[in-house]
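K.L.:
First the structure, which I've put down as structure tokens, then a few questions once you've had a look.
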Amino acid sequence: MVEPRDSIKIVNVVASTGIGQEINLKQVTLGLEGADYDPKRFPGVVYRTKDPKTAALLFRSGKIVCTGAKSIDEAHEGIENVFQSLRNIGIDVKGTPEIKVQNIVASADLHSVLNLNAIATGLGLENIEYEPEQFPGLVYRLSEPKVVILLFGSGKLVVTGGKKPEDMVNAVDRIVEELNSLSLLR
């Protein structure tokens with residue numbers, strides 16, 4: 001049987017950076033192929049990179065947010081591509097700005113049908129949100145690692161809020177341990 005920790009798959013990494021100066025968004029839109037800017041809908045430029053496949057949000061302040069990467073390395077590579085693209089259209093990106101991971105989202109499979117009502121009761125209501133009429137999953141907030149786990153009756157789960165891949169592994173190990181201690185994993 002496959003261990004739940006072996007089924008963990010990072011599905012999104014969100015990272016941010018800044019170039020330390022204001023960006024002329026019209027210049028970016030005109031200079032970068034595929035850049036999308038509609039200030040009535042969103043206050044930044046959406047610039048999609050192809051390899052790796054990411055979306056960068058560029059703001060007038062010089063802040064940049066990269067989303068859609070499947071690993072931390074891909075997030076860094078996506079942002080480096082944005083830096084190079086900006087340099088290519090005459091925007092001076094000095095040195096290598098610091099890139100900070102803001103959020104990692106991962107999926108995993110517990111390979112067991114879950115009784116979410118029993119889990120909500122067993123784990124204690126102080127860290128749980130479970131309203132099946134509103135949302136089909138149980139929301140479990142962990143303090144260590146500081147992440148949120150969405151558990152579904154199918155045994156699938158989503159972990160969000162981590163800053164490093166180990167947070168995902170630790171969260172899955174912890175939920176497996178807690179559910180086993182309550183005899184809620186089959």
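Residues in the structure tokens are named by chain (A, B, ... in the order shown) and by number from 1 within that chain; ligands are numbered from 1 in the order shown.
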Check range 6-167 of chain A with DSSP on the backbone and list each residue it calls strand (DSSP E), as a PyMOL selection string.
P.N.:
chain A and resi 9-18+35-37+44-49+54-59+63-69+100-109+128-129+138-143+146-151+156-162
K.L.:
With C-alpha atoms retained, could you export that selection as a compact mmCIF listing (two decimals), in the first residue's frame?
P.N.:
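See part-v9.txt below for the written result:
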```
# COMPACT_ATOMS: atom_id res chain seq x y z
CA LYS A 9 2.03 16.33 -4.83
CA ILE A 10 2.82 20.04 -4.81
CA VAL A 11 0.23 21.72 -7.02
CA ASN A 12 1.07 25.40 -6.51
CA VAL A 13 3.88 27.53 -5.10
CA VAL A 14 3.30 31.24 -4.56
CA ALA A 15 6.44 33.37 -4.21
CA SER A 16 7.02 37.11 -4.08
CA THR A 17 9.81 39.55 -4.69
CA GLY A 18 10.34 43.19 -5.51
CA ALA A 35 1.30 40.60 -20.80
CA ASP A 36 -2.29 41.43 -19.85
CA TYR A 37 -3.24 44.71 -18.16
CA GLY A 44 -1.38 44.83 -11.95
CA VAL A 45 -0.04 43.24 -15.10
CA VAL A 46 -0.55 39.49 -15.49
CA TYR A 47 2.43 38.03 -17.33
CA ARG A 48 2.46 34.33 -18.11
CA THR A 49 5.72 32.45 -18.61
CA THR A 54 3.74 30.31 -14.19
CA ALA A 55 1.85 33.58 -13.92
CA ALA A 56 3.57 36.66 -12.57
CA LEU A 57 1.59 39.58 -11.19
CA LEU A 58 3.56 42.80 -11.57
CA PHE A 59 2.50 45.86 -9.60
CA LYS A 63 6.35 44.09 -6.20
CA ILE A 64 6.03 40.85 -8.13
CA VAL A 65 4.05 37.74 -7.17
CA CYS A 66 4.59 34.45 -8.99
CA THR A 67 1.97 31.73 -8.88
CA GLY A 68 1.37 28.41 -10.60
CA ALA A 69 4.80 26.87 -10.07
CA LYS A 100 10.30 34.64 -0.68
CA VAL A 101 7.94 31.64 -0.71
CA GLN A 102 4.55 32.80 0.60
CA ASN A 103 2.47 29.65 0.26
CA ILE A 104 2.70 26.05 -0.89
CA VAL A 105 -0.40 24.05 -1.78
CA ALA A 106 -0.20 20.27 -2.01
CA SER A 107 -2.60 17.37 -2.45
CA ALA A 108 -2.35 13.91 -0.94
CA ASP A 109 -4.40 10.73 -0.54
CA ILE A 128 -12.04 22.38 13.00
CA GLU A 129 -14.55 23.93 10.63
CA LEU A 138 -13.51 19.44 6.77
CA VAL A 139 -11.11 22.33 7.46
CA TYR A 140 -8.46 21.49 10.07
CA ARG A 141 -6.04 24.21 11.21
CA LEU A 142 -2.71 22.98 12.55
CA SER A 143 -0.47 25.16 14.65
CA LYS A 146 1.19 26.26 10.61
CA VAL A 147 -0.97 24.97 7.76
CA VAL A 148 -4.58 24.28 6.91
CA ILE A 149 -5.67 20.78 5.86
CA LEU A 150 -8.85 20.24 3.87
CA LEU A 151 -10.05 16.65 4.35
CA LYS A 156 -8.17 12.99 -0.49
CA LEU A 157 -6.76 16.05 1.19
CA VAL A 158 -5.28 19.44 0.39
CA VAL A 159 -2.63 21.12 2.53
CA THR A 160 -2.14 24.87 2.19
CA GLY A 161 -0.17 27.55 3.97
CA GLY A 162 3.21 25.85 4.12
```
K.L.:
Can you tell me which residues surround Ile119 in chain A at a distance of at most 9 Å, considering only C-alpha atoms, apart from same-chain residues fewer than 3 positions away, and format the answer as a list in words?
P.N.:
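These residues fall inside the cut-off: Leu114, Asn115, Leu116, Gly122, Leu123, Gly124, Leu138, Leu179, Leu182 and Leu184 of chain A.
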K.L.:
If you measure from CA of Pro136 in chain A to CA of Asp167 in chain A, what distance in Å do you get, rounded to one decimal?
P.N.:
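For CA of Pro136 in chain A relative to CA of Asp167 in chain A, the distance reads 24.2 Å.
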K.L.:
Could you name the residues that touch Leu110 in chain A at 12 Å or less, counting only C-alpha atoms, but leaving out those on the same chain fewer than 3 positions away, as a compact mmCIF listing (two decimals) with C-alpha atoms, in the first residue's frame?
P.N.:
```
# COMPACT_ATOMS: atom_id res chain seq x y z
CA MET A 1 0.00 0.00 0.00
CA VAL A 2 1.21 3.49 -0.83
CA GLU A 3 1.94 5.62 2.23
CA PRO A 4 -0.03 8.89 2.34
CA ARG A 5 3.25 10.87 2.55
CA ASP A 6 4.33 9.25 -0.74
CA SER A 7 1.19 10.56 -2.48
CA ILE A 8 1.98 14.22 -1.70
CA SER A 107 -2.60 17.37 -2.45
CA VAL A 113 -12.82 6.62 3.05
CA LEU A 114 -13.22 9.15 5.85
CA LEU A 151 -10.05 16.65 4.35
CA PHE A 152 -12.64 15.06 2.06
CA GLY A 153 -14.75 11.94 2.55
CA SER A 154 -12.93 10.27 -0.35
CA GLY A 155 -9.70 10.31 1.69
CA LYS A 156 -8.17 12.99 -0.49
CA LEU A 157 -6.76 16.05 1.19
CA VAL A 158 -5.28 19.44 0.39
CA VAL A 172 0.27 14.67 6.31
CA ASP A 173 2.23 12.57 8.84
CA ARG A 174 0.49 14.39 11.66
CA ILE A 175 -3.06 13.92 10.32
CA VAL A 176 -2.34 10.22 9.68
CA GLU A 177 -1.04 9.84 13.25
CA LEU A 179 -6.60 9.73 12.71
CA ASN A 180 -4.90 6.41 13.51
CA LEU A 184 -10.58 6.65 12.07
CA LEU A 185 -8.34 5.38 9.26
CA ARG A 186 -9.23 2.00 7.81
```
K.L.:
When DSSP works through the backbone of this structure, what residues of chain A end up as alpha helix (DSSP H), shown as JSON, numbers by chain?
P.N.:
{"A": [25, 26, 27, 28, 29, 30, 31, 72, 73, 74, 75, 76, 77, 78, 79, 80, 81, 82, 83, 84, 85, 86, 87, 88, 116, 117, 118, 119, 120, 121, 122, 123, 165, 166, 167, 168, 169, 170, 171, 172, 173, 174, 175, 176, 177, 178, 179, 180, 181]}
K.L.:
Ranking A:Phe42, A:Gly31, A:Pro145, A:Glu126 by minimum distance to Lys164 in chain A and counting only C-alpha atoms, which one comes first?
P.N.:
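Among the listed residues, A:Pro145 lies closest to Lys164 in chain A.
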K.L.:
Identify which of the residues A:Arg41, A:Lys163, A:Lys50, A:Arg60 lies closest to Ile79 in chain A, counting only C-alpha atoms when measuring atom-to-atom distances.
P.N.:
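The closest residue to Ile79 in chain A is A:Lys50.
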K.L.:
Choose the residue, out of A:Glu144, A:Glu77, A:Glu98, A:Asp38, that has the smallest atom-to-atom separation from Glu166 in chain A; count only C-alpha atoms.
P.N.:
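Of the candidates, the smallest distance to Glu166 in chain A is held by A:Glu144.
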K.L.:
Give me, please, the distance in Å between CA of Asp51 in chain A and CA of Ile91 in chain A, quoted to one decimal.
P.N.:
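According to the coordinates, CA of Asp51 in chain A and CA of Ile91 in chain A are separated by 21.4 Å.
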K.L.:
What does the distance between CA of Glu74 in chain A and CA of Gln27 in chain A come to in Å, to one decimal place?
P.N.:
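Going from CA of Glu74 in chain A over to CA of Gln27 in chain A, I get 25.9 Å.
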